[in-house]
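> I am attaching a structure below and will ask some questions about it afterwards.
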Amino acid sequence: GGYGNRSGGMLGAFYSPGNQYSFIGAGLHNSMSRCTGSFIGGGYNNKMSIYGDEEIHPDWSSIVGGYNNTIEDPSSSFIGGGEDNLIRNKAHFSSIVGGKGNAVYNYATGSAIMAGLENIIEYSGQSFIGGGESNWIGTHHTRSGSWIAIVGGYNNTISKASAAFIGGGYGNYIASPIAETKGDDYRSDFSTIVGGKDNYIYDSPYSAVIAGGGG
């Protein structure tokens with residue numbers, strides 16, 4: 001259905017050399033390339049494809065609808081809707097339910113963003129952002145901790161701290177220095193900031209807690 005949709009050069013659920021057992025239901029200018037068992041329900045300008053020169057395909061993945069949402073290479077990933085959301089580069093088994101400008105990429109396997117604006121998870125597996133704006137879990141260049149959660153708020157960050165938690169607030173920050181030896185634990189693991197503004201936990205003993213207030 002819809003208009004201008006492309007599935008490896010063929011419309012709908014047809015088999016093609018590029019796409020197998022994949023389906024575009026409706027919408028406008030949606031496309032998928034080299035996918036197996038994948039689905040785009042509708043919306044506008046949603047896309048599934050490989051990423052760069054990678055030969056990893058976005059198999060068994062779904063984009064239900066929305067505008068300009070993209071899955072590039074991760075398999076078994078999901079975008080429910082929203083606008084300008086992105087799952088890319090080996091972030092397999094990851095989900096973005098909605099919102100705008102949210103991204104899960106760079107080996108953030110099994111991670112999820114529920115909603116909000118311009119939230120990012122990268123290099124951090126099995127991690128979660130519930131909503132809010134400009135929250136970030138991960139690092140820019142190497143694998144970070146896992147099992148991390150930011151429920152909401154604005155401009156909160158967790159970097160290199162496994163099993164850490166920020167409930168909400170503004171400008172809160174949990175991080176560790178780069179581990180000196182491969183396999184070392186991060187020093188701020190298991191730390192928590194419940195809320196408040198500009199609170200910092202950095203290079204602290206395990207299980208540090210800040211309940212709220214201002215830094």
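Chain identifiers are assigned as A, B, and so on, following the order in which chains appear in the structure tokens; residues are numbered from 1 within each chain, and ligands are numbered from 1 in order of appearance.
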Please tabulate, as JSON lines, the residues of segment 81-130 of chain A that come within 9 Å of segment 70-77 of chain A, each with its closest pair of atoms and the distance in Å to one decimal, counting only C-alpha atoms and ordering rows by chain, then residue number upward.


{"residue": "A:Asp84", "atom": "CA", "partner": "A:Thr70", "partner_atom": "CA", "distance": 7.4}
{"residue": "A:Asn85", "atom": "CA", "partner": "A:Thr70", "partner_atom": "CA", "distance": 6.4}
{"residue": "A:Leu86", "atom": "CA", "partner": "A:Thr70", "partner_atom": "CA", "distance": 4.9}
{"residue": "A:Ile87", "atom": "CA", "partner": "A:Ile71", "partner_atom": "CA", "distance": 4.8}
{"residue": "A:Arg88", "atom": "CA", "partner": "A:Glu72", "partner_atom": "CA", "distance": 4.7}
{"residue": "A:Asn89", "atom": "CA", "partner": "A:Asp73", "partner_atom": "CA", "distance": 6.0}
{"residue": "A:Lys90", "atom": "CA", "partner": "A:Pro74", "partner_atom": "CA", "distance": 5.0}
{"residue": "A:Ala91", "atom": "CA", "partner": "A:Pro74", "partner_atom": "CA", "distance": 5.3}
{"residue": "A:His92", "atom": "CA", "partner": "A:Pro74", "partner_atom": "CA", "distance": 4.5}
{"residue": "A:Phe93", "atom": "CA", "partner": "A:Ser77", "partner_atom": "CA", "distance": 4.7}
{"residue": "A:Ser94", "atom": "CA", "partner": "A:Ser77", "partner_atom": "CA", "distance": 4.8}
{"residue": "A:Ser95", "atom": "CA", "partner": "A:Ser77", "partner_atom": "CA", "distance": 5.7}
{"residue": "A:Ile96", "atom": "CA", "partner": "A:Ser77", "partner_atom": "CA", "distance": 8.6}
{"residue": "A:Tyr105", "atom": "CA", "partner": "A:Pro74", "partner_atom": "CA", "distance": 8.7}
{"residue": "A:Thr109", "atom": "CA", "partner": "A:Pro74", "partner_atom": "CA", "distance": 8.8}
{"residue": "A:Gly110", "atom": "CA", "partner": "A:Ser77", "partner_atom": "CA", "distance": 8.6}

> List the spatial neighbours of Ala208 of chain A as a compact mmCIF listing (two decimals) with all heavy atoms, in the first residue's frame - criterion: any atom at most 9 Å away, only C-alpha atoms, same-chain residues fewer than 5 positions off excluded.


# COMPACT_ATOMS: atom_id res chain seq x y z
N SER A 188 33.00 3.79 39.51
CA SER A 188 31.70 4.33 39.92
C SER A 188 30.54 3.38 39.64
O SER A 188 29.39 3.79 39.57
CB SER A 188 31.45 5.67 39.22
OG SER A 188 32.40 6.63 39.62
N ASP A 189 30.85 2.10 39.49
CA ASP A 189 29.79 1.11 39.27
C ASP A 189 28.78 1.13 40.41
O ASP A 189 29.11 1.43 41.56
CB ASP A 189 30.39 -0.29 39.18
CG ASP A 189 31.17 -0.52 37.90
OD1 ASP A 189 31.13 0.34 37.01
OD2 ASP A 189 31.84 -1.57 37.81
N PHE A 190 27.54 0.79 40.08
CA PHE A 190 26.45 0.63 41.05
C PHE A 190 26.09 1.94 41.77
O PHE A 190 25.53 1.91 42.86
CB PHE A 190 26.80 -0.45 42.10
CG PHE A 190 27.32 -1.72 41.50
CD1 PHE A 190 28.65 -2.07 41.64
CD2 PHE A 190 26.48 -2.56 40.79
CE1 PHE A 190 29.14 -3.24 41.07
CE2 PHE A 190 26.95 -3.73 40.22
CZ PHE A 190 28.30 -4.06 40.37
N SER A 191 26.40 3.07 41.17
CA SER A 191 26.11 4.36 41.80
C SER A 191 24.75 4.89 41.38
O SER A 191 24.21 4.52 40.33
CB SER A 191 27.20 5.37 41.44
OG SER A 191 28.44 4.99 42.01
N THR A 192 24.19 5.78 42.20
CA THR A 192 22.83 6.29 41.98
C THR A 192 22.75 7.79 42.27
O THR A 192 23.24 8.27 43.29
CB THR A 192 21.83 5.57 42.89
OG1 THR A 192 21.80 4.18 42.57
CG2 THR A 192 20.42 6.15 42.74
N ILE A 193 22.12 8.51 41.35
CA ILE A 193 21.65 9.87 41.61
C ILE A 193 20.15 9.87 41.38
O ILE A 193 19.69 9.60 40.27
CB ILE A 193 22.33 10.91 40.69
CG1 ILE A 193 23.84 10.95 40.95
CG2 ILE A 193 21.71 12.29 40.92
CD1 ILE A 193 24.59 11.85 39.98
N ILE A 201 28.95 12.18 40.50
CA ILE A 201 29.66 11.06 41.10
C ILE A 201 30.74 10.67 40.10
O ILE A 201 30.44 10.22 38.99
CB ILE A 201 28.74 9.87 41.38
CG1 ILE A 201 27.68 10.23 42.42
CG2 ILE A 201 29.54 8.65 41.83
CD1 ILE A 201 26.64 9.14 42.66

> Could you write out, as a ChimeraX atom specification, all the residues of chain A that DSSP marks as strand (DSSP E)?

/A:6-7,23-24,31-32,39-40,47-49,62-63,70-72,78-79,86-88,95-96,103-105,112-113,120-122,128-129,136-138,149-150,157-159,165-166,173-175,192-193,200-202,209-210

> For a test of reading the model, state the distance in Å between atom CA of Gly131 of chain A and atom CA of Gly98 of chain A, rounded to one decimal.

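We find that atom CA of Gly131 of chain A and atom CA of Gly98 of chain A lie 9.4 Å from each other.
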
> Measuring between only C-alpha atoms, which one of A:Asn135, A:Ser49, A:Asn106, A:Asn69 shows the shortest distance to Ile120 of chain A?

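Distance minimum relative to Ile120 of chain A lands on A:Asn135.
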